[in-house]
Amino acid sequence: MDRRTLLMAAGALTLAGRAARAAEEVVIGAVYPLTGNGASVGLDAKAAIETAAELINGTHAPVATLLGKGGGLAGLGGAKIRLVFADSQNDPQKARAEAERIITQEKAIAIVGSYTSATGATISQVTERYEVPYISADNSSPSLNLRGLKWFFRTTPHDIMYTQGTFDFFADVGKKTGKPVKTVALFYEDSIFGTDSSNVQRKLAEAAGIKVVADIKYRASSPSLSSEAQSLKAADADVIMPSSYTSDAILIMKSMAEIGYKPKAVMAQGAGFQETAFLTAAGPLANGVMSRSSFALDAGKTRPAIDPVNALYKAKNNKDMNDNTSREFTALMVLADAINRAGSAKPTDIQAALKATNIPGDQLIMPWKGVKFDETGQNILCNPVIQQVFDGTYKTIWPFDLAAEAPVWNI
Amino acid sequence: MTETLLQAAMSGLLMGLLYALVAAGLSLIFGLMDVVNFAHGEMMMLAMYATFVIWQATGLDPLLQIPIVAVVMFALGVAVYRGLIARALSVQFNTGMVQIFVTFGLAIFLRGAAQLVFGGEFKSITSSWLSGRTVHLAGIYLPLPQVAAGLVCLLAFAALLLISRTEFGRALEATREDRDAVALIGIDRDRIFALGWGLGAAAVGIAGVMLASFYYVSPNVGANFAVIAYVTVALGGFGSLAGALVAGLLIGEIEALTAVVLEPSLKQVGVFAVYLLVLMVRPRGLFGKL
């Protein structure tokens with residue numbers, strides 16, 4: 001055997017080894033802010049996605065959800081999911097570079113991400129170019145699925161769906177209590193999430209005949225929000241509608257209290273307001289705050305998987321699942337289901353399987369009707385719920401048939 | 001509207017005092033040895049975590065923690081000078097760049113270390129003597145934690161001014177003016193530098209304690225304040241304590257009033273517009289001597 005044959009044989013062996021390993025594991029990338037301003041959310045997301053992977057890969061008592069039996073992906077001969085996490089630092093440019101790195105170097109066949117809409121926008125451009133699916137778990141900006149992308153799939157509701165839910169709630173609760181919303185104050189951060197969210201709110205308010213008495217765009221992560229609080233106080237709307245991430249959510253609630261202003265009602269566009277850190281830091285100030293949510297921890301009756309999944313997550317991260325982590329968990333489950341049905345790790349097969357996705361609601365931990373993507377890649381079966389803080393915990397108050405508590409409504 | 005303006009002006013004043021004290025430490029170090037401490041915000045962040053941790057472990061009120069945290073931060077400042085800055089200064093080439101990178105690297109290290117130790121969560125001190133208390137005076141609301149922070153900042157400034165009158169202060173001033181000549185008259189330059197770093201860190205530490213009493217704590221909290229501190233120092237004049245005070249108040253006011261009169265998302269525009277204007281008319285800053 002000459003040297004060349006030897007080298008070729010060695011090369012062939014390595015390749016064969018790689019192929020064999022590829023059948024045993026499916027590499028999925030996840031891009032989240034693991035350091036920096038969004039780290040508290042990103043690290044929770046990591047735990048939630050790991051929980052999903054453990055549920056799929058591990059051996060455990062069956063859980064009443066998609067792939068809840070464990071033991072890997074049956075469609076791929078029991079292949080295991082291997083997660084590769086990348087840190088976006090909440091920066092769209094870093095997110096782009098990291099997405100590229102995990103596709104080209106770590107050989108990820110799909111990416112899940114990414115909390116902020118600004119990073120979701122850049123990551124999905126990269127996945128489009130490399131032709132691998134991007135599962136948007138929690139980017140809620142409505143414009144994201146309208147860019148004609150073929151590899152973009154969003155399991156979560158976007159802000160138009162959320163906001164529509166919010167205004168439906170206003171109409172319902174107005175009828176029920178005889179106290180309809182007449183005025184709202186919009187308060188939103190200055191990146192894609194806040195501006196998109198406020199655009200929808202403005203439009204829907206007008207359609208519902210509700211007057212927007214304050215329209216306040218603020219700089220995210222400002223050291224002080226007291227002037228903004230002052231403007232909200234001066235407007236004194238029936239409902240304040242903030243679109244803010246965690247630090248600003250904490251700060252605005254404190255700043256309003258400091259100038260002696262107790263808003264009649266606060267209806268948040270999820271995000272920071274749904275975070276445990278917000279509830280702890282704002283303490284009693286958070287009581288009565290309402291927020292749209294896609295998750296209802298208290299809906300265990302109709303979604304039996306919630307309690308066991310939450311227990312798995314809690315064992316890992318020492319807190320309950322919330323609006324964000326439940327959606328991140330769900331995104332990986334939906335992706336894994338598609339890969340399983342495709343029976344292949346080839347991106348085009350997974351893309352086809354994602355398009356054919358039709359998961360009934362009772363297979364999820366979400367209160368949604370199910371998961372089914374339209375031609376833009378948007379899940380059309382995800383209906384939001386409205387929650388309110390009672391003694392430091394979010395309880396579902398709407399739709400009324402899913403509600404755990406009656407709303408406290410003092411406008 | 002008048003009430004809104006008055007309230008905004010008052011909020012600006014209280015925030016401005018805090019900005020001023022944060023900037024004072026930075027200005028002191030810069031004026032003394034021409035080193036910009038890019039880890040200044042992170043030092044404040046450490047002081048805030050120290051306050052939070054002590055509060056959580058013992059329940060000691062932030063107000064009582066001022067001397068403890070100030071001493072700890074003083075020691076940290078001296079240690080940073082002796083361990084990093086003095087070494088960086090002794091580099092023979094590209095000294096300017098090395099100084100920038102050493103403090104910049106320190107900033108990133110401290111931020112990462114804080115996240116490793118404390119996690120990325122936002123923490124906050126939920127109960128203290130003053131927390132949640134607000135005084136209503138002539139139509140204006142005064143949140144007591146901020147009022148206390150403003151007063152402490154003023155006291156700290158008075159202390160810094162007193163120190164600058166002592167023999168040590170004169171040595172500091174002399175070192176600032178001619179760092180080579182002072183060695184000839186028997187002043188230990190290295191010791192003065194170390195004490196300068198200690199004082200600067202203690203000043204930002206006191207600001208951190210007061211801020212922690214009403215603000216959230218997270219590994220990145222320093223960054224938001226550091227940018228303002230750099231502007232404050234440049235606006236007030238490098239190395240000038242009075243300049244830091246006046247510029248801090250000015251920035252607090254501009255920020256608060258731009259937000260009310262124009263639009264909140266423009267408040268940094270207001271701050272930087274005034275900053276650029278001052279630099280055009282008076283490049284050395286309001287109180288700068290150089």
# chains A, B, ... in the order shown; residues from 1 in each chain; ligands from 1
call {"tool": "closest_atom_pairs", "arguments": {"of": "chain B", "to": "chain A", "cutoff": "8 Å", "atoms": "only C-alpha atoms", "output": "Markdown table"}}
result
| residue | atom | partner | partner_atom | distance |
| --- | --- | --- | --- | --- |
| B:Thr4 | CA | A:Gln230 | CA | 6.4 |
| B:Gln7 | CA | A:Gln230 | CA | 7.4 |
| B:Ala8 | CA | A:Ser227 | CA | 5.5 |
| B:Ser11 | CA | A:Ser226 | CA | 6.5 |
| B:Met15 | CA | A:Ser224 | CA | 7.6 |
| B:Gly112 | CA | A:Thr35 | CA | 7.5 |
| B:Gln115 | CA | A:Thr35 | CA | 7.5 |
| B:Gly119 | CA | A:Ser40 | CA | 7.4 |
| B:Gly120 | CA | A:Ser40 | CA | 4.4 |
| B:Glu121 | CA | A:Ser40 | CA | 4.7 |
| B:Phe122 | CA | A:Ala277 | CA | 5.6 |
| B:Lys123 | CA | A:Ala281 | CA | 6.3 |
| B:Ser124 | CA | A:Ala281 | CA | 5.4 |
| B:Ile125 | CA | A:Ala281 | CA | 7.6 |
| B:Thr126 | CA | A:Ala281 | CA | 6.7 |
| B:Gly132 | CA | A:Glu258 | CA | 7.0 |
| B:Arg133 | CA | A:Glu258 | CA | 7.7 |
| B:Thr134 | CA | A:Glu258 | CA | 6.2 |
| B:Ile140 | CA | A:Ile259 | CA | 7.7 |
| B:Tyr141 | CA | A:Ile259 | CA | 5.0 |
| B:Leu142 | CA | A:Ile259 | CA | 7.0 |
| B:Pro143 | CA | A:Glu258 | CA | 5.2 |
| B:Tyr215 | CA | A:Leu251 | CA | 7.3 |
| B:Tyr216 | CA | A:Ala281 | CA | 7.2 |
| B:Pro219 | CA | A:Gly36 | CA | 7.4 |
| B:Asn220 | CA | A:Asn37 | CA | 6.0 |
| B:Asn224 | CA | A:Pro223 | CA | 6.0 |
| B:Phe225 | CA | A:Pro223 | CA | 6.4 |
| B:Ala256 | CA | A:Ser227 | CA | 5.5 |
| B:Leu257 | CA | A:Ser227 | CA | 7.5 |
| B:Ala259 | CA | A:Ser227 | CA | 6.0 |
| B:Val260 | CA | A:Ser227 | CA | 5.9 |
| B:Glu263 | CA | A:Lys217 | CA | 7.4 |
| B:Pro264 | CA | A:Tyr218 | CA | 4.9 |
| B:Ser265 | CA | A:Tyr218 | CA | 4.2 |
| B:Leu266 | CA | A:Arg219 | CA | 7.7 |
call {"tool": "select_by_dssp", "arguments": {"residues": "region 49-244 of chain B", "states": "strand (DSSP E or B)", "output": "PyMOL selection string"}}
result
chain B and resi 123+134-137+140-143+217
call {"tool": "atom_distance", "arguments": {"atom1": "CA of Gly139 (chain B)", "atom2": "CA of Met256 (chain A)"}}
result
15.0 Å
call {"tool": "closest_residue", "arguments": {"among": "A:Asp87, A:Glu25, A:Asp196, A:Asp236", "to": "Asn57 (chain A)", "atoms": "only C-alpha atoms"}}
result
A:Glu25
call {"tool": "atom_distance", "arguments": {"atom1": "CA of Gly178 (chain A)", "atom2": "CA of Pro399 (chain A)"}}
result
17.4 Å
call {"tool": "select_by_dssp", "arguments": {"residues": "region 169-268 of chain A", "states": "alpha helix (DSSP H)", "output": "count of residues only"}}
result
48
call {"tool": "residues_around", "arguments": {"residues": "Leu63 (chain B)", "least_positions_apart": "3", "cutoff": "9 Å", "atoms": "only C-alpha atoms", "output": "MDAnalysis selection string"}}
result
chainID B and resid 60 66:67 128:129 148 209:210 213
call {"tool": "residues_around", "arguments": {"residues": "Phe101 (chain B)", "least_positions_apart": "3", "cutoff": "12 Å", "atoms": "only C-alpha atoms", "output": "tab-separated table (two decimals) with N, CA and C atoms, in the first residue's frame"}}
result
chain	number	residue	atom	x	y	z
B	35	VAL	N	-5.35	59.66	31.80
B	35	VAL	CA	-5.80	58.33	31.44
B	35	VAL	C	-7.33	58.32	31.50
B	36	VAL	N	-7.97	57.95	30.40
B	36	VAL	CA	-9.42	57.81	30.42
B	36	VAL	C	-9.75	56.41	30.91
B	37	ASN	N	-10.49	56.35	32.00
B	37	ASN	CA	-10.84	55.05	32.55
B	37	ASN	C	-12.12	54.54	31.90
B	38	PHE	N	-11.99	53.66	30.92
B	38	PHE	CA	-13.18	53.15	30.24
B	38	PHE	C	-13.95	52.17	31.12
B	39	ALA	N	-13.36	51.75	32.21
B	39	ALA	CA	-14.06	50.83	33.11
B	39	ALA	C	-14.78	51.58	34.23
B	84	LEU	N	-2.69	47.19	37.17
B	84	LEU	CA	-2.85	47.31	35.73
B	84	LEU	C	-2.30	48.61	35.16
B	85	ILE	N	-2.77	49.73	35.71
B	85	ILE	CA	-2.47	51.01	35.08
B	85	ILE	C	-0.99	51.34	35.16
B	88	ALA	N	0.74	49.41	32.66
B	88	ALA	CA	0.46	49.90	31.30
B	88	ALA	C	1.24	51.17	31.02
B	89	LEU	N	1.38	52.02	32.06
B	89	LEU	CA	2.10	53.28	31.88
B	89	LEU	C	3.58	53.05	31.62
B	94	ASN	N	3.68	53.25	22.18
B	94	ASN	CA	2.23	53.33	22.02
B	94	ASN	C	1.47	53.42	23.33
B	95	THR	N	2.02	54.17	24.28
B	95	THR	CA	1.45	54.20	25.63
B	95	THR	C	-0.04	54.52	25.61
B	96	GLY	N	-0.43	55.48	24.75
B	96	GLY	CA	-1.82	55.91	24.69
B	96	GLY	C	-2.75	54.75	24.40
B	97	MET	N	-2.40	53.98	23.37
B	97	MET	CA	-3.24	52.85	22.98
B	97	MET	C	-3.30	51.81	24.08
B	98	VAL	N	-2.14	51.52	24.68
B	98	VAL	CA	-2.11	50.50	25.73
B	98	VAL	C	-3.03	50.90	26.87
B	104	PHE	N	-10.31	49.42	28.77
B	104	PHE	CA	-11.41	48.88	27.97
B	104	PHE	C	-11.56	47.38	28.23
B	105	GLY	N	-10.43	46.70	28.24
B	105	GLY	CA	-10.43	45.27	28.53
B	105	GLY	C	-10.95	45.01	29.93
B	106	LEU	N	-10.55	45.86	30.87
B	106	LEU	CA	-11.02	45.71	32.25
B	106	LEU	C	-12.54	45.83	32.29
B	107	ALA	N	-13.07	46.78	31.50
B	107	ALA	CA	-14.53	46.98	31.48
B	107	ALA	C	-15.23	45.70	31.03
B	108	ILE	N	-14.75	45.13	29.93
B	108	ILE	CA	-15.39	43.93	29.40
B	108	ILE	C	-15.25	42.77	30.38
B	109	PHE	N	-14.06	42.68	30.99
B	109	PHE	CA	-13.83	41.62	31.97
B	109	PHE	C	-14.80	41.75	33.14
call {"tool": "closest_residue", "arguments": {"among": "B:Ser127, B:Arg82, B:Leu262, B:Phe30", "to": "Gln56 (chain B)", "atoms": "only C-alpha atoms"}}
result
B:Ser127
call {"tool": "atom_distance", "arguments": {"atom1": "CA of Cys382 (chain A)", "atom2": "CA of Ile350 (chain A)"}}
result
21.4 Å
call {"tool": "decode", "arguments": {"residues": "region 228-273 of chain A", "atoms": "C-alpha atoms", "output": "CSV table (one decimal), in the first residue's frame"}}
result
chain,number,residue,atom,x,y,z
A,228,GLU,CA,-41.5,60.3,30.2
A,229,ALA,CA,-43.4,59.3,33.3
A,230,GLN,CA,-44.3,63.0,33.7
A,231,SER,CA,-45.8,63.1,30.2
A,232,LEU,CA,-47.8,60.0,30.9
A,233,LYS,CA,-49.1,61.5,34.1
A,234,ALA,CA,-50.1,64.7,32.3
A,235,ALA,CA,-52.0,62.7,29.7
A,236,ASP,CA,-53.7,60.4,32.3
A,237,ALA,CA,-55.2,58.0,29.8
A,238,ASP,CA,-57.6,55.2,30.7
A,239,VAL,CA,-55.0,52.7,29.7
A,240,ILE,CA,-51.2,53.0,29.3
A,241,MET,CA,-49.8,50.7,26.6
A,242,PRO,CA,-46.1,50.2,27.0
A,243,SER,CA,-43.9,48.3,24.5
A,244,SER,CA,-40.7,47.9,26.5
A,245,TYR,CA,-37.9,45.5,27.4
A,246,THR,CA,-37.1,44.6,31.0
A,247,SER,CA,-34.9,47.4,32.2
A,248,ASP,CA,-37.2,50.1,30.9
A,249,ALA,CA,-40.3,48.3,32.2
A,250,ILE,CA,-38.9,48.3,35.7
A,251,LEU,CA,-37.8,51.9,35.4
A,252,ILE,CA,-41.0,53.4,34.0
A,253,MET,CA,-43.2,51.7,36.7
A,254,LYS,CA,-40.8,53.1,39.4
A,255,SER,CA,-40.7,56.5,37.8
A,256,MET,CA,-44.5,56.8,37.6
A,257,ALA,CA,-44.8,55.9,41.3
A,258,GLU,CA,-42.1,58.4,42.3
A,259,ILE,CA,-44.1,61.3,40.9
A,260,GLY,CA,-47.2,60.0,42.6
A,261,TYR,CA,-48.9,58.7,39.5
A,262,LYS,CA,-50.9,55.5,39.7
A,263,PRO,CA,-52.2,54.7,36.2
A,264,LYS,CA,-55.8,53.5,35.9
A,265,ALA,CA,-54.7,50.5,33.8
A,266,VAL,CA,-51.5,49.3,32.2
A,267,MET,CA,-51.7,46.9,29.2
A,268,ALA,CA,-48.2,45.9,28.2
A,269,GLN,CA,-47.1,44.4,24.9
A,270,GLY,CA,-45.5,41.5,26.7
A,271,ALA,CA,-41.6,41.6,26.4
A,272,GLY,CA,-40.0,43.0,29.5
A,273,PHE,CA,-43.3,43.1,31.5
